[in-house]
Amino acid sequence: MELGMIGLGRMGAAMTKRLLTAGHTVVAYDQDRAAVERSITDGAVGAVSLDALVSRLTAPRTVWVMVPAGDAVNDTIERLTRLLKADDTLIDGGNSNFRDTLQRAFSVQKSGVHFVDVGTSGGIWGLKEGYCLMIGGDAAVVKRIQPLFESLAPAQDRGWAHVGPVGAGHFTKMIHNGIEYGLMQSYAEGFALLEKNKDFHLDLPKIAEIWRHGSVVRSWLLDLTAQALAENPTLEGIGPSVADSGEGRWMVAEAIAADVPCPVITLSLLERIRSRVQDSYGNRILAVMRNKFGGHAIAKQ
């Protein structure tokens, strides 16, 4: 299948490479020409502009946008809407707010272009392990581009699903990331308490490793925590400041608006905000987890 990929950051570049490996044709574009050249080396067809990307695709075209949430998405989608034709498909695979997605879809669909939103999880490990894809859009359109999802997911029959109409994909991903906040905070607090007890001379890397096998708290996040602790048991040099990329804030706002209590996730978000003004071992655990699963930058101490 043929696809245009716009945005060749860590995730976009890895997704492009996975699609190429599966035999798809990818026309790739990014404002960073070096990123385009790297994708060409992987086997993609390079484009020097959005116009060039669209012109290289055969109708009905499918274009996947993987750029940071906010103005960059608005600008890219507005420009693409002018270039694409009726029955083409535009996919937003970034971490957009689902309310923004609904507005963008309404604008795009007025021109006859289909809009699909895909909440994408997998971080820098997606190239090897596959991506979890939460897809919103018209069922017939999703069916038409299904081979792309099957190639990006861990397997053809798992790790991806059409979860509802336009907006549902990004809404589901928002909830997914809010849950992630709570899980990470729980691990961080537990390891902080272990580290605080000096009487037992606890070996934190060893404890993390044994929890990975047979325990009810085993998970991929714990796997990454165990790896990080094995590499740096005291987390020396890791700053305690933990960033948040927006989804947790959006989810908390939605929970309040819907009168749904989400105290764990809300407090997890507040802990990240607090971390920027106070030092703690638990915050360093959070920082290294984010780095391990998503390649997020670590503040140095």
# chains A, B, ... in the order shown; residues from 1 in each chain; ligands from 1
$ residues_around --residues "Val252 (chain A)" --least-positions-apart "4" --cutoff "7 Å" --atoms "only C-alpha atoms" --output "list in words"
Gly248, Ile256 and Thr266 of chain A
$ write_last_selection --atoms "N, CA and C atoms" --output "PDB file, in the first residue's frame"
ATOM      1  N   GLY A 248      -2.389  14.206  30.163  1.00  0.00           N
ATOM      2  CA  GLY A 248      -2.862  14.090  31.535  1.00  0.00           C
ATOM      3  C   GLY A 248      -3.726  15.271  31.929  1.00  0.00           C
ATOM      4  N   ILE A 256     -13.261  16.176  35.285  1.00  0.00           N
ATOM      5  CA  ILE A 256     -13.985  17.172  36.076  1.00  0.00           C
ATOM      6  C   ILE A 256     -15.279  17.568  35.374  1.00  0.00           C
ATOM      7  N   THR A 266      -5.300  12.389  38.714  1.00  0.00           N
ATOM      8  CA  THR A 266      -5.195  13.821  39.013  1.00  0.00           C
ATOM      9  C   THR A 266      -3.997  14.107  39.900  1.00  0.00           C
TER      10      THR A 266
END
$ select_by_dssp --residues "region 67-160 of chain A" --states "helix (DSSP H, G or I)" --output "PyMOL selection string"
chain A and resi 71-83+98-109+123-129+139-144+146-152
$ write_last_selection --atoms "C-alpha atoms" --output "mmCIF file, in the first residue's frame"
data_model
loop_
_atom_site.group_PDB
_atom_site.id
_atom_site.type_symbol
_atom_site.label_atom_id
_atom_site.label_comp_id
_atom_site.auth_asym_id
_atom_site.auth_seq_id
_atom_site.Cartn_x
_atom_site.Cartn_y
_atom_site.Cartn_z
ATOM 1 C CA ASP A 71 -0.223 24.937 15.799
ATOM 2 C CA ALA A 72 1.998 22.647 13.725
ATOM 3 C CA VAL A 73 -0.893 20.206 13.280
ATOM 4 C CA ASN A 74 -3.311 22.999 12.380
ATOM 5 C CA ASP A 75 -0.961 24.460 9.797
ATOM 6 C CA THR A 76 -0.135 21.090 8.234
ATOM 7 C CA ILE A 77 -3.754 19.956 8.021
ATOM 8 C CA GLU A 78 -4.937 23.283 6.586
ATOM 9 C CA ARG A 79 -2.282 23.134 3.862
ATOM 10 C CA LEU A 80 -3.026 19.496 3.079
ATOM 11 C CA THR A 81 -6.758 20.153 2.855
ATOM 12 C CA ARG A 82 -6.075 22.565 -0.006
ATOM 13 C CA LEU A 83 -3.906 19.982 -1.781
ATOM 14 C CA PHE A 98 -9.759 15.083 20.716
ATOM 15 C CA ARG A 99 -11.743 18.340 20.766
ATOM 16 C CA ASP A 100 -9.270 19.860 18.302
ATOM 17 C CA THR A 101 -9.606 16.686 16.244
ATOM 18 C CA LEU A 102 -13.374 17.102 15.997
ATOM 19 C CA GLN A 103 -12.983 20.659 14.719
ATOM 20 C CA ARG A 104 -10.281 19.709 12.216
ATOM 21 C CA ALA A 105 -12.286 16.761 10.934
ATOM 22 C CA PHE A 106 -15.325 18.961 10.338
ATOM 23 C CA SER A 107 -13.219 21.389 8.290
ATOM 24 C CA VAL A 108 -11.436 18.661 6.322
ATOM 25 C CA GLN A 109 -14.549 16.630 5.551
ATOM 26 C CA GLY A 123 7.307 5.202 21.749
ATOM 27 C CA ILE A 124 10.795 4.473 20.525
ATOM 28 C CA TRP A 125 10.180 0.714 20.949
ATOM 29 C CA GLY A 126 7.432 0.593 18.341
ATOM 30 C CA LEU A 127 9.781 -0.191 15.466
ATOM 31 C CA LYS A 128 10.720 -3.495 17.111
ATOM 32 C CA GLU A 129 7.632 -4.320 19.186
ATOM 33 C CA ALA A 139 -15.640 2.299 9.382
ATOM 34 C CA ALA A 140 -15.440 1.964 5.575
ATOM 35 C CA VAL A 141 -12.467 4.323 5.385
ATOM 36 C CA VAL A 142 -10.662 2.528 8.214
ATOM 37 C CA LYS A 143 -11.282 -0.777 6.422
ATOM 38 C CA ARG A 144 -9.712 0.581 3.231
ATOM 39 C CA GLN A 146 -6.443 -1.487 7.317
ATOM 40 C CA PRO A 147 -3.207 -2.942 5.855
ATOM 41 C CA LEU A 148 -1.315 0.035 7.292
ATOM 42 C CA PHE A 149 -2.603 -0.636 10.793
ATOM 43 C CA GLU A 150 -1.900 -4.355 10.517
ATOM 44 C CA SER A 151 1.710 -3.612 9.566
ATOM 45 C CA LEU A 152 2.291 -1.071 12.341
#
$ residues_around --residues "region 167-174 of chain A" --least-positions-apart "5" --cutoff "12 Å" --atoms "only C-alpha atoms" --output "PyMOL selection string"
chain A and resi 69+91-106+115-122+132-138+142+160-162+179-181+245-255+265
$ atom_distance --atom1 "CA of Gly4 (chain A)" --atom2 "CA of Leu50 (chain A)"
9.5 Å
$ residues_around --residues "region 207-219 of chain A" --least-positions-apart "3" --cutoff "12 Å" --atoms "only C-alpha atoms" --output "compact mmCIF listing (two decimals) with C-alpha atoms, in the first residue's frame"
# COMPACT_ATOMS: atom_id res chain seq x y z
CA GLU A 180 -0.02 5.65 32.31
CA LEU A 183 0.89 3.54 36.94
CA MET A 184 4.17 5.39 36.72
CA SER A 186 2.66 4.26 41.83
CA TYR A 187 5.96 2.61 40.86
CA ALA A 188 7.84 5.82 41.62
CA GLY A 190 7.02 2.48 45.92
CA PHE A 191 10.66 2.63 44.88
CA LEU A 194 12.24 1.28 49.34
CA GLU A 195 15.16 3.64 48.77
CA HIS A 201 20.19 -2.31 52.78
CA LEU A 202 17.72 -3.09 50.02
CA ASP A 203 19.00 -3.85 46.53
CA LEU A 204 16.54 -1.95 44.33
CA LEU A 222 8.41 -2.29 35.45
CA ASP A 223 10.66 -3.97 32.86
CA LEU A 224 11.97 -0.56 31.83
CA THR A 225 12.37 0.51 35.46
CA ALA A 226 14.39 -2.62 36.21
CA GLN A 227 16.59 -1.90 33.20
CA ALA A 228 17.14 1.70 34.29
CA LEU A 229 18.01 0.69 37.86
CA ALA A 230 20.43 -1.98 36.64
CA PRO A 233 21.00 2.08 40.79
CA ILE A 285 12.34 7.11 38.71
$ closest_atom_pairs --of "region 85-194 of chain A" --to "region 269-274 of chain A" --cutoff "10 Å" --atoms "only C-alpha atoms" --output "tab-separated table"
residue	atom	partner	partner_atom	distance
A:Gly178	CA	A:Leu269	CA	8.5
A:Tyr181	CA	A:Leu269	CA	7.0
A:Gly182	CA	A:Leu269	CA	8.3
A:Gln185	CA	A:Glu271	CA	8.1
$ residues_around --residues "Pro240 (chain A)" --least-positions-apart "2" --cutoff "9 Å" --atoms "only C-alpha atoms" --output "PDB file with C-alpha atoms, in the first residue's frame"
ATOM      1  CA  ILE A 238      19.230  12.245  36.855  1.00  0.00           C
ATOM      2  CA  VAL A 242       9.290  15.400  35.305  1.00  0.00           C
ATOM      3  CA  SER A 275       8.506  17.778  40.765  1.00  0.00           C
ATOM      4  CA  ARG A 276       9.688  20.890  38.995  1.00  0.00           C
ATOM      5  CA  VAL A 277      10.160  22.666  42.309  1.00  0.00           C
ATOM      6  CA  GLN A 278      11.195  19.833  44.668  1.00  0.00           C
ATOM      7  CA  ASP A 279      13.810  17.052  44.598  1.00  0.00           C
ATOM      8  CA  SER A 280      12.995  13.370  45.197  1.00  0.00           C
ATOM      9  CA  TYR A 281      14.161   9.881  44.243  1.00  0.00           C
ATOM     10  CA  GLY A 282      10.656   9.012  43.050  1.00  0.00           C
ATOM     11  CA  ASN A 283      10.746  11.836  40.520  1.00  0.00           C
ATOM     12  CA  ARG A 284      14.009  10.519  39.129  1.00  0.00           C
ATOM     13  CA  ILE A 285      12.336   7.106  38.711  1.00  0.00           C
ATOM     14  CA  LEU A 286       9.555   8.817  36.731  1.00  0.00           C
ATOM     15  CA  ALA A 287      12.088  10.668  34.593  1.00  0.00           C
ATOM     16  CA  ILE A 298      16.112  13.849  31.036  1.00  0.00           C
ATOM     17  CA  ALA A 299      16.956  16.971  33.005  1.00  0.00           C
ATOM     18  CA  LYS A 300      20.505  16.621  34.288  1.00  0.00           C
ATOM     19  CA  GLN A 301      21.267  17.323  37.917  1.00  0.00           C
TER      20      GLN A 301
END
